[in-house]
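Each remark here refers to the structure printed beneath this line.
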Amino acid sequence: MSGINLFLDRRNRWSAEQILRMNRAVSKDDGRQYEQFPFGEGTLYLSAGSAESGGCSFRSPCGNNFLLFEGELTNRYELKNKLLGKGAQFNTDSDAEVLLWALMEWGKEIVKELEGMFAFVFLNTEKREILSARDRQGIKPLYCHLEEDVSIISSSIRAIFASGIPAQTLNTGSIRQFLSQGFIEAPKTFYQSIQELKAGTCNIMNAESHKLDEALFCLAEGGEEFGGMSDGKLVEQFEELLSDALFRNFPHGQYFGMSLDGTLNGALLLTLGKKVGALPTYIFTQNFSKKQEELAEELLAFLGISHHPIRFNREMLSNFGEYVDAMEQPMADPETFIRYLTAKICSPYAKVLWSTEGSRELLGTKSRIFAFYQYLSNYENVQKLLPVLRQGSGWLPAKFNSLAGGKIDLLKKYVHKISPGPSETFQAFVSDSVLAEPFPVETPLFENEPGSPDFVSHNLSCLLQFEQHRFLSRAILPSHELIFRQWNLETRLPFQDEALVDFIHQLPAGQLLEKGRNWMVEALLEENKLGKLVKKLARPTSPPIGKWIREMWADEAKSLYLETNALSSYLDLEQVECAVKLHLEGKEDRSSLIWRLLVLKRWLERNS
């Protein structure tokens, strides 16, 4: 399969060799398959591959339309039934062929009705138009390079550079934003010559112009539609939508697995999957400690499911360099490394994996979201006690952290970031102060009057929108997709199903957390007789990246400020030294920042 590769030469200066080079950069075979069309005064080249060989391209019966597609449409059967009623004739059972007929029948308007994870390019030779689009959550990536005479669209940055046309010049502004916030804002990428098509958009390009006209999908925003529902009804609706999502994301075939990461959300997927008859064949448990392994065994024994434990030893963790070298763009989230190792181990056994990716951002259970909610809910008291909290957090013994379920570390991590207003606190929560020149954070419209009735809900909504619409779709989901694609694995993300996402977005923001962190998930597990395990599963089970940095990568961490390197010109080295020393001495957890610096340092050394 050659992925999505399109090369438009408006002045006939190039040849088919460019598309062949692009195909070879991402193809498992020799990448020779392509289609060629006259397009205006120029020539259009497209990657191609038969459905039987795993390709993602289709030509219409009339020969005037061509589709390049990656992903899956979860509402394909509804679309197919409507198209059959209009006389469409299908030769395969593929999603791509359904989409091709849908675009021919309804045009770009059908894009608003598409559900699932996808990226595609649709060519209409009669209208001389090229329509490209990505799914609303931004799971499947799509990039472009635009010049006056040449336009390139691809699902791979490396494929674009393989064409030999654009210069591989780094974007220093993107590097600074990544160092500050851990992601870069679309349409920017790490390269000056490459743009990312934004999540949830469709764009039209014609033979004469490379300008992209953007049209947003219909996105559900926060509201009050479900605000009047009782807790019981909300939980019931949540269960129904998540169960439907499991069915919609259930792959047909025996090579199906799930990576169980020890969280409540993973336990819920398995619990509901068993309840509705949609269980994976293989369960791979991620174990970072003996205690976590015992907990996974207890959960799966209760459900009557066997599993394959993955133990992360020193030999596995030595794959750090291989992991970074595989990146098209740097990935800030340390847990991406765990996903990489998991995909590598699972790939011989399963071709499709269920994942809980995006659930923490969707449900508001991520540490900084929960910390911000606590800050808003206790705003006036926090302002009064802030000097005492800051002074006291520094001498709290580490042994109390485990007794408090990790809350001491959370307190230490965020108490020094609190400022008088929500806007300043938000900026401190989502950025780090190690840059030589601070990077400006685009701040949402926060409400600074604590006496207003919607003070908590409005301000929490601002952070949730940042996490869900920007951080998740820019930093997490595309990296997740690229990692699994590298090992020839497909993923299904039930928590990113459109109906479930729309439901959560329409809840008043405070309702997600006012009864406790992940209260709807806990309520469902209680209903399914998993109450004894809820408290154990609710404890943090993140990979011990901080411990691994102290034990295995301490010298690499010190090199960030002791040696001149690819990052030196961007950083305040005194701030970096302070952060590294505090972490290595066990006084503060700065693993997220240090990991981001280590990843970017190695990536720049190999790509600049």
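Order determines the names: the first chain of the structure tokens is A, the second B, and so forth; residues in each chain are numbered 1 upward, and ligands are numbered 1 upward as they are shown.
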
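Close contacts of Ile175 in chain A, defined as residues with an atom at most 7 Å away when counting only C-alpha atoms, with chain neighbours fewer than 4 positions off set aside, comprise Asn171, Leu179 and Phe190 of chain A.
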
Determine, counting only C-alpha atoms, which protein, DNA and RNA residues have an atom within 12 Å of an atom of range 445-449 of chain A; residues of the same chain fewer than 3 positions away are not included. Present the result as a compact mmCIF listing (two decimals) with N, CA and C atoms, in the first residue's frame.
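selection.txt written:
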```
# COMPACT_ATOMS: atom_id res chain seq x y z
N LEU A 376 -10.40 26.07 40.32
CA LEU A 376 -11.58 26.91 40.08
C LEU A 376 -12.65 26.72 41.16
N TYR A 379 -11.57 28.55 44.35
CA TYR A 379 -10.81 29.72 43.91
C TYR A 379 -10.49 30.68 45.06
N GLU A 380 -11.49 31.11 45.81
CA GLU A 380 -11.27 32.13 46.84
C GLU A 380 -10.39 31.60 47.96
N SER A 419 -1.89 31.38 39.66
CA SER A 419 -1.79 32.83 39.62
C SER A 419 -3.12 33.44 40.04
N PRO A 420 -3.18 34.76 40.20
CA PRO A 420 -4.44 35.40 40.65
C PRO A 420 -5.63 35.13 39.74
N GLY A 421 -5.42 35.05 38.41
CA GLY A 421 -6.55 34.87 37.50
C GLY A 421 -6.47 33.57 36.73
N PRO A 422 -7.62 33.06 36.24
CA PRO A 422 -7.65 31.81 35.46
C PRO A 422 -6.81 31.87 34.20
N SER A 423 -6.75 33.04 33.55
CA SER A 423 -5.99 33.14 32.30
C SER A 423 -4.51 32.89 32.53
N GLU A 424 -3.94 33.54 33.56
CA GLU A 424 -2.53 33.36 33.85
C GLU A 424 -2.24 31.94 34.34
N THR A 425 -3.17 31.38 35.13
CA THR A 425 -3.00 30.02 35.63
C THR A 425 -3.05 29.03 34.48
N PHE A 426 -3.96 29.26 33.54
CA PHE A 426 -4.04 28.41 32.35
C PHE A 426 -2.72 28.39 31.60
N GLN A 427 -2.14 29.58 31.37
CA GLN A 427 -0.88 29.66 30.64
C GLN A 427 0.21 28.88 31.36
N GLU A 442 -1.86 31.23 23.13
CA GLU A 442 -3.16 31.75 22.71
C GLU A 442 -4.19 31.39 23.79
N SER A 452 -19.54 34.98 39.63
CA SER A 452 -20.51 34.69 38.58
C SER A 452 -20.96 33.24 38.64
N PRO A 453 -22.23 32.95 38.29
CA PRO A 453 -22.76 31.58 38.43
C PRO A 453 -22.07 30.55 37.56
N ASP A 454 -21.53 30.96 36.41
CA ASP A 454 -20.90 29.99 35.52
C ASP A 454 -19.37 30.10 35.55
N PHE A 455 -18.82 30.63 36.62
CA PHE A 455 -17.37 30.83 36.73
C PHE A 455 -16.61 29.51 36.53
N VAL A 456 -17.00 28.48 37.25
CA VAL A 456 -16.31 27.20 37.17
C VAL A 456 -16.55 26.55 35.81
N SER A 457 -17.83 26.44 35.41
CA SER A 457 -18.18 25.73 34.18
C SER A 457 -17.57 26.38 32.95
N HIS A 458 -17.64 27.72 32.87
CA HIS A 458 -17.11 28.42 31.69
C HIS A 458 -15.61 28.26 31.58
N ASN A 459 -14.89 28.48 32.67
CA ASN A 459 -13.43 28.42 32.62
C ASN A 459 -12.93 27.00 32.41
N LEU A 460 -13.62 26.03 32.99
CA LEU A 460 -13.25 24.64 32.76
C LEU A 460 -13.48 24.27 31.29
N SER A 461 -14.55 24.78 30.70
CA SER A 461 -14.83 24.53 29.29
C SER A 461 -13.70 25.03 28.40
N CYS A 462 -13.12 26.19 28.77
CA CYS A 462 -12.01 26.74 27.99
C CYS A 462 -10.84 25.77 27.97
N LEU A 463 -10.50 25.21 29.14
CA LEU A 463 -9.38 24.27 29.19
C LEU A 463 -9.72 22.97 28.47
N GLN A 465 -11.71 22.55 25.92
CA GLN A 465 -11.65 22.78 24.48
C GLN A 465 -10.20 22.81 24.01
N PHE A 466 -9.33 23.40 24.82
CA PHE A 466 -7.91 23.41 24.49
C PHE A 466 -7.39 21.98 24.41
```

As a VMD selection string, please: the residues near Glu126 in chain A (cut-off 10 Å, only C-alpha atoms, same-chain neighbours under 4 positions excluded).
chain A and resid 39 64 to 65

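If you look at CA of Trp106 in chain A and CA of Gly71 in chain A, they are 20.4 Å away from each other.
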
Mind the document's chain letters and residue numbers, and return as a VMD selection string the residues of range 135-317 of chain A that DSSP labels helix (DSSP H, G or I).
chain A and resid 157 to 162 172 to 181 231 to 248 264 to 276 290 to 303 314 to 317

Near Ile338 in chain A, within 12 Å and counting only C-alpha atoms, which residues show up once chain neighbours fewer than 2 positions away are dropped, as a ChimeraX atom specification?
/A:259-261,285-288,310-313,316-317,319-320,323,333-336,340-345,480,483-484,542-545

Preceding selection exported with N, CA and C atoms as an mmCIF file, in the first residue's frame:
```cif
data_model
loop_
_atom_site.group_PDB
_atom_site.id
_atom_site.type_symbol
_atom_site.label_atom_id
_atom_site.label_comp_id
_atom_site.auth_asym_id
_atom_site.auth_seq_id
_atom_site.Cartn_x
_atom_site.Cartn_y
_atom_site.Cartn_z
ATOM 1 N N SER A 259 -4.763 -3.332 23.999
ATOM 2 C CA SER A 259 -3.702 -3.047 24.947
ATOM 3 C C SER A 259 -4.337 -2.482 26.203
ATOM 4 N N LEU A 260 -4.319 -3.235 27.294
ATOM 5 C CA LEU A 260 -4.924 -2.812 28.554
ATOM 6 C C LEU A 260 -3.880 -2.067 29.371
ATOM 7 N N ASP A 261 -4.112 -0.766 29.578
ATOM 8 C CA ASP A 261 -3.100 0.074 30.220
ATOM 9 C C ASP A 261 -3.309 0.255 31.713
ATOM 10 N N THR A 285 -1.488 -6.803 28.395
ATOM 11 C CA THR A 285 -1.479 -5.943 29.577
ATOM 12 C C THR A 285 -0.119 -5.277 29.722
ATOM 13 N N GLN A 286 -0.139 -3.965 29.933
ATOM 14 C CA GLN A 286 1.091 -3.200 30.123
ATOM 15 C C GLN A 286 1.411 -3.164 31.619
ATOM 16 N N ASN A 287 2.497 -3.789 32.005
ATOM 17 C CA ASN A 287 2.838 -3.910 33.421
ATOM 18 C C ASN A 287 4.159 -3.209 33.721
ATOM 19 N N PHE A 288 4.098 -2.217 34.601
ATOM 20 C CA PHE A 288 5.285 -1.477 34.996
ATOM 21 C C PHE A 288 5.779 -1.893 36.378
ATOM 22 N N ILE A 310 2.908 -7.726 29.125
ATOM 23 C CA ILE A 310 4.079 -7.070 28.544
ATOM 24 C C ILE A 310 4.854 -6.451 29.693
ATOM 25 N N ARG A 311 6.072 -6.914 29.908
ATOM 26 C CA ARG A 311 6.904 -6.395 30.999
ATOM 27 C C ARG A 311 7.994 -5.511 30.404
ATOM 28 N N PHE A 312 8.049 -4.279 30.878
ATOM 29 C CA PHE A 312 8.975 -3.301 30.315
ATOM 30 C C PHE A 312 10.312 -3.366 31.063
ATOM 31 N N ASN A 313 11.268 -4.067 30.474
ATOM 32 C CA ASN A 313 12.573 -4.212 31.098
ATOM 33 C C ASN A 313 13.588 -3.260 30.456
ATOM 34 N N MET A 316 14.074 -3.525 26.616
ATOM 35 C CA MET A 316 13.025 -2.898 25.822
ATOM 36 C C MET A 316 13.176 -1.387 25.797
ATOM 37 N N LEU A 317 13.529 -0.818 26.964
ATOM 38 C CA LEU A 317 13.627 0.639 27.054
ATOM 39 C C LEU A 317 14.828 1.193 26.292
ATOM 40 N N ASN A 319 15.230 0.915 23.348
ATOM 41 C CA ASN A 319 14.735 1.250 22.010
ATOM 42 C C ASN A 319 14.432 2.745 21.842
ATOM 43 N N PHE A 320 14.826 3.560 22.816
ATOM 44 C CA PHE A 320 14.511 4.990 22.757
ATOM 45 C C PHE A 320 15.004 5.630 21.457
ATOM 46 N N TYR A 323 13.001 4.603 18.485
ATOM 47 C CA TYR A 323 11.685 5.241 18.575
ATOM 48 C C TYR A 323 11.717 6.672 18.035
ATOM 49 N N ASP A 333 4.437 13.522 24.227
ATOM 50 C CA ASP A 333 3.837 12.711 25.281
ATOM 51 C C ASP A 333 4.719 11.498 25.578
ATOM 52 N N PRO A 334 5.230 11.353 26.817
ATOM 53 C CA PRO A 334 6.090 10.199 27.139
ATOM 54 C C PRO A 334 5.395 8.859 26.917
ATOM 55 N N GLU A 335 4.074 8.821 27.079
ATOM 56 C CA GLU A 335 3.366 7.557 26.927
ATOM 57 C C GLU A 335 3.351 7.079 25.475
ATOM 58 N N THR A 336 3.703 7.966 24.543
ATOM 59 C CA THR A 336 3.828 7.548 23.148
ATOM 60 C C THR A 336 4.924 6.495 22.998
ATOM 61 N N TYR A 340 4.576 2.843 21.344
ATOM 62 C CA TYR A 340 5.497 2.352 20.320
ATOM 63 C C TYR A 340 5.978 0.940 20.655
ATOM 64 N N LEU A 341 6.421 0.730 21.882
ATOM 65 C CA LEU A 341 6.908 -0.586 22.293
ATOM 66 C C LEU A 341 5.782 -1.618 22.262
ATOM 67 N N THR A 342 4.581 -1.202 22.703
ATOM 68 C CA THR A 342 3.431 -2.109 22.698
ATOM 69 C C THR A 342 3.081 -2.533 21.280
ATOM 70 N N ALA A 343 3.059 -1.574 20.355
ATOM 71 C CA ALA A 343 2.738 -1.891 18.958
ATOM 72 C C ALA A 343 3.764 -2.852 18.372
ATOM 73 N N LYS A 344 5.023 -2.635 18.703
ATOM 74 C CA LYS A 344 6.089 -3.501 18.194
ATOM 75 C C LYS A 344 5.899 -4.934 18.676
ATOM 76 N N ILE A 345 5.512 -5.098 19.936
ATOM 77 C CA ILE A 345 5.330 -6.428 20.519
ATOM 78 C C ILE A 345 4.056 -7.095 19.997
ATOM 79 N N HIS A 480 -0.220 8.812 17.503
ATOM 80 C CA HIS A 480 -0.727 7.468 17.772
ATOM 81 C C HIS A 480 -0.904 6.705 16.459
ATOM 82 N N ILE A 483 2.519 5.824 14.702
ATOM 83 C CA ILE A 483 3.243 4.760 15.398
ATOM 84 C C ILE A 483 2.689 3.396 15.016
ATOM 85 N N PHE A 484 1.367 3.260 15.064
ATOM 86 C CA PHE A 484 0.781 1.961 14.786
ATOM 87 C C PHE A 484 0.892 1.600 13.302
ATOM 88 N N SER A 542 0.369 5.404 35.308
ATOM 89 C CA SER A 542 1.189 5.882 34.195
ATOM 90 C C SER A 542 2.566 5.225 34.238
ATOM 91 N N PRO A 543 3.211 5.099 33.075
ATOM 92 C CA PRO A 543 4.565 4.527 33.075
ATOM 93 C C PRO A 543 5.509 5.374 33.905
ATOM 94 N N PRO A 544 6.423 4.747 34.641
ATOM 95 C CA PRO A 544 7.334 5.500 35.528
ATOM 96 C C PRO A 544 8.466 6.165 34.763
ATOM 97 N N ILE A 545 8.105 7.061 33.851
ATOM 98 C CA ILE A 545 9.109 7.750 33.036
ATOM 99 C C ILE A 545 10.111 8.485 33.930
#
```

Neighbour list for Glu514 in chain A as a PyMOL selection string, cut-off 10 Å, only C-alpha atoms, skip fewer than 3 positions in-chain
chain A and resi 373-374+377+509-511+517-519

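Here the question is which of A:Phe183, A:Phe122, A:Phe238, A:Phe503 gets nearest to Leu477 in chain A using only C-alpha atoms, and that residue is A:Phe183.
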
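Nearest to Val434 in chain A of all the residues A:Trp101, A:Phe284, A:Phe178, A:Phe372 is A:Phe178, counting only C-alpha atoms.
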
Excluding same-chain residues fewer than 2 positions from Gln18 in chain A, what lies within 8 Å of it counting only C-alpha atoms, as a list in words?
Phe7, Trp14, Ser15, Ala16, Leu20, Arg21, Met22, Ala162, Ser163 and Gly164 of chain A

Let's have the selection written as a short mmCIF file (atom, residue, chain, number, x, y, z; two decimals), in the first residue's frame, with all heavy atoms.
```
data_model
loop_
_atom_site.label_atom_id
_atom_site.label_comp_id
_atom_site.auth_asym_id
_atom_site.auth_seq_id
_atom_site.Cartn_x
_atom_site.Cartn_y
_atom_site.Cartn_z
N PHE A 7 0.55 14.36 -6.63
CA PHE A 7 1.55 15.29 -7.13
C PHE A 7 0.98 16.01 -8.35
O PHE A 7 0.73 15.38 -9.37
CB PHE A 7 2.83 14.52 -7.48
CG PHE A 7 3.89 15.36 -8.13
CD1 PHE A 7 4.63 16.26 -7.40
CD2 PHE A 7 4.16 15.23 -9.49
CE1 PHE A 7 5.61 17.03 -8.00
CE2 PHE A 7 5.14 15.98 -10.10
CZ PHE A 7 5.87 16.89 -9.35
N TRP A 14 8.12 18.33 -14.32
CA TRP A 14 8.62 17.13 -13.66
C TRP A 14 8.10 15.89 -14.37
O TRP A 14 7.52 15.97 -15.45
CB TRP A 14 8.19 17.13 -12.19
CG TRP A 14 8.62 18.36 -11.44
CD1 TRP A 14 7.94 19.53 -11.33
CD2 TRP A 14 9.87 18.56 -10.76
NE1 TRP A 14 8.66 20.46 -10.61
CE2 TRP A 14 9.86 19.88 -10.24
CE3 TRP A 14 10.98 17.77 -10.53
CZ2 TRP A 14 10.91 20.40 -9.50
CZ3 TRP A 14 12.04 18.29 -9.78
CH2 TRP A 14 11.99 19.59 -9.29
N SER A 15 8.27 14.73 -13.76
CA SER A 15 7.86 13.48 -14.40
C SER A 15 7.24 12.54 -13.36
O SER A 15 7.12 12.88 -12.18
CB SER A 15 9.07 12.79 -15.05
OG SER A 15 9.95 12.31 -14.04
N ALA A 16 6.89 11.34 -13.82
CA ALA A 16 6.30 10.35 -12.92
C ALA A 16 7.29 9.87 -11.87
O ALA A 16 6.89 9.26 -10.87
CB ALA A 16 5.81 9.15 -13.74
N LEU A 20 6.69 8.18 -7.96
CA LEU A 20 7.30 6.88 -7.65
C LEU A 20 8.19 6.98 -6.42
O LEU A 20 8.21 6.10 -5.57
CB LEU A 20 8.10 6.38 -8.84
CG LEU A 20 7.28 6.00 -10.09
CD1 LEU A 20 8.20 5.63 -11.24
CD2 LEU A 20 6.33 4.85 -9.78
N ARG A 21 8.94 8.08 -6.33
CA ARG A 21 9.77 8.28 -5.14
C ARG A 21 8.92 8.41 -3.89
O ARG A 21 9.25 7.87 -2.83
CB ARG A 21 10.62 9.55 -5.31
CG ARG A 21 11.72 9.45 -6.33
CD ARG A 21 12.42 10.80 -6.44
NE ARG A 21 13.48 10.79 -7.43
CZ ARG A 21 14.18 11.87 -7.77
NH1 ARG A 21 13.91 13.03 -7.18
NH2 ARG A 21 15.14 11.79 -8.68
N MET A 22 7.80 9.13 -3.99
CA MET A 22 6.90 9.28 -2.86
C MET A 22 6.32 7.93 -2.43
O MET A 22 6.27 7.61 -1.24
CB MET A 22 5.76 10.25 -3.21
CG MET A 22 6.22 11.69 -3.44
SD MET A 22 4.87 12.77 -4.01
CE MET A 22 3.83 12.79 -2.53
N ALA A 162 10.58 12.99 -0.17
CA ALA A 162 11.15 12.01 -1.10
C ALA A 162 10.96 12.42 -2.55
O ALA A 162 11.70 11.97 -3.43
CB ALA A 162 10.51 10.64 -0.86
N SER A 163 9.98 13.29 -2.82
CA SER A 163 9.77 13.76 -4.20
C SER A 163 10.96 14.55 -4.71
O SER A 163 11.15 14.71 -5.92
CB SER A 163 8.51 14.63 -4.27
OG SER A 163 8.72 15.86 -3.61
N GLY A 164 11.76 15.09 -3.78
CA GLY A 164 12.94 15.87 -4.17
C GLY A 164 12.64 17.32 -4.48
O GLY A 164 13.52 18.04 -4.96
#
```

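Among the candidate residues A:Lys86, A:Lys274, A:Lys198, A:Arg128, the one lying nearest to Phe66 in chain A is A:Arg128, with distances computed using only C-alpha atoms.
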
Fewer than 2 positions away in the same chain doesn't count, so skip those; otherwise give me all residues within 10 Å of Arg176 in chain A, counting only C-alpha atoms, as a ChimeraX atom specification.
/A:171-174,178-184,435-440,567,570-571

DSSP-assigned strand (DSSP E or B) members of range 223-324 of chain A, reported as a PyMOL selection string:
chain A and resi 256-260+282-287+308-311

Could the residues in this selection be saved with N, CA and C atoms as an mmCIF file, in the first residue's frame?
```cif
data_model
loop_
_atom_site.group_PDB
_atom_site.id
_atom_site.type_symbol
_atom_site.label_atom_id
_atom_site.label_comp_id
_atom_site.auth_asym_id
_atom_site.auth_seq_id
_atom_site.Cartn_x
_atom_site.Cartn_y
_atom_site.Cartn_z
ATOM 1 N N PHE A 256 -7.382 -9.593 16.278
ATOM 2 C CA PHE A 256 -7.886 -8.404 16.949
ATOM 3 C C PHE A 256 -7.445 -8.430 18.406
ATOM 4 N N GLY A 257 -6.878 -7.348 18.882
ATOM 5 C CA GLY A 257 -6.410 -7.310 20.259
ATOM 6 C C GLY A 257 -6.717 -5.994 20.932
ATOM 7 N N MET A 258 -6.317 -5.903 22.192
ATOM 8 C CA MET A 258 -6.466 -4.668 22.949
ATOM 9 C C MET A 258 -5.295 -4.537 23.898
ATOM 10 N N SER A 259 -4.763 -3.332 23.999
ATOM 11 C CA SER A 259 -3.702 -3.047 24.947
ATOM 12 C C SER A 259 -4.337 -2.482 26.203
ATOM 13 N N LEU A 260 -4.319 -3.235 27.294
ATOM 14 C CA LEU A 260 -4.924 -2.812 28.554
ATOM 15 C C LEU A 260 -3.880 -2.067 29.371
ATOM 16 N N TYR A 282 -7.051 -11.106 21.642
ATOM 17 C CA TYR A 282 -5.854 -11.006 22.469
ATOM 18 C C TYR A 282 -5.956 -9.783 23.383
ATOM 19 N N ILE A 283 -5.578 -9.951 24.651
ATOM 20 C CA ILE A 283 -5.461 -8.842 25.586
ATOM 21 C C ILE A 283 -3.998 -8.740 25.985
ATOM 22 N N PHE A 284 -3.383 -7.585 25.700
ATOM 23 C CA PHE A 284 -1.995 -7.359 26.071
ATOM 24 C C PHE A 284 -1.975 -6.378 27.247
ATOM 25 N N THR A 285 -1.488 -6.803 28.395
ATOM 26 C CA THR A 285 -1.479 -5.943 29.577
ATOM 27 C C THR A 285 -0.119 -5.277 29.722
ATOM 28 N N GLN A 286 -0.139 -3.965 29.933
ATOM 29 C CA GLN A 286 1.091 -3.200 30.123
ATOM 30 C C GLN A 286 1.411 -3.164 31.619
ATOM 31 N N ASN A 287 2.497 -3.789 32.005
ATOM 32 C CA ASN A 287 2.838 -3.910 33.421
ATOM 33 C C ASN A 287 4.159 -3.209 33.721
ATOM 34 N N HIS A 308 -1.921 -11.562 27.778
ATOM 35 C CA HIS A 308 -0.501 -11.707 27.491
ATOM 36 C C HIS A 308 0.215 -10.514 28.122
ATOM 37 N N PRO A 309 0.926 -10.720 29.237
ATOM 38 C CA PRO A 309 1.580 -9.587 29.910
ATOM 39 C C PRO A 309 2.778 -9.055 29.149
ATOM 40 N N ILE A 310 2.908 -7.726 29.125
ATOM 41 C CA ILE A 310 4.079 -7.070 28.544
ATOM 42 C C ILE A 310 4.854 -6.451 29.693
ATOM 43 N N ARG A 311 6.072 -6.914 29.908
ATOM 44 C CA ARG A 311 6.904 -6.395 30.999
ATOM 45 C C ARG A 311 7.994 -5.511 30.404
#
```
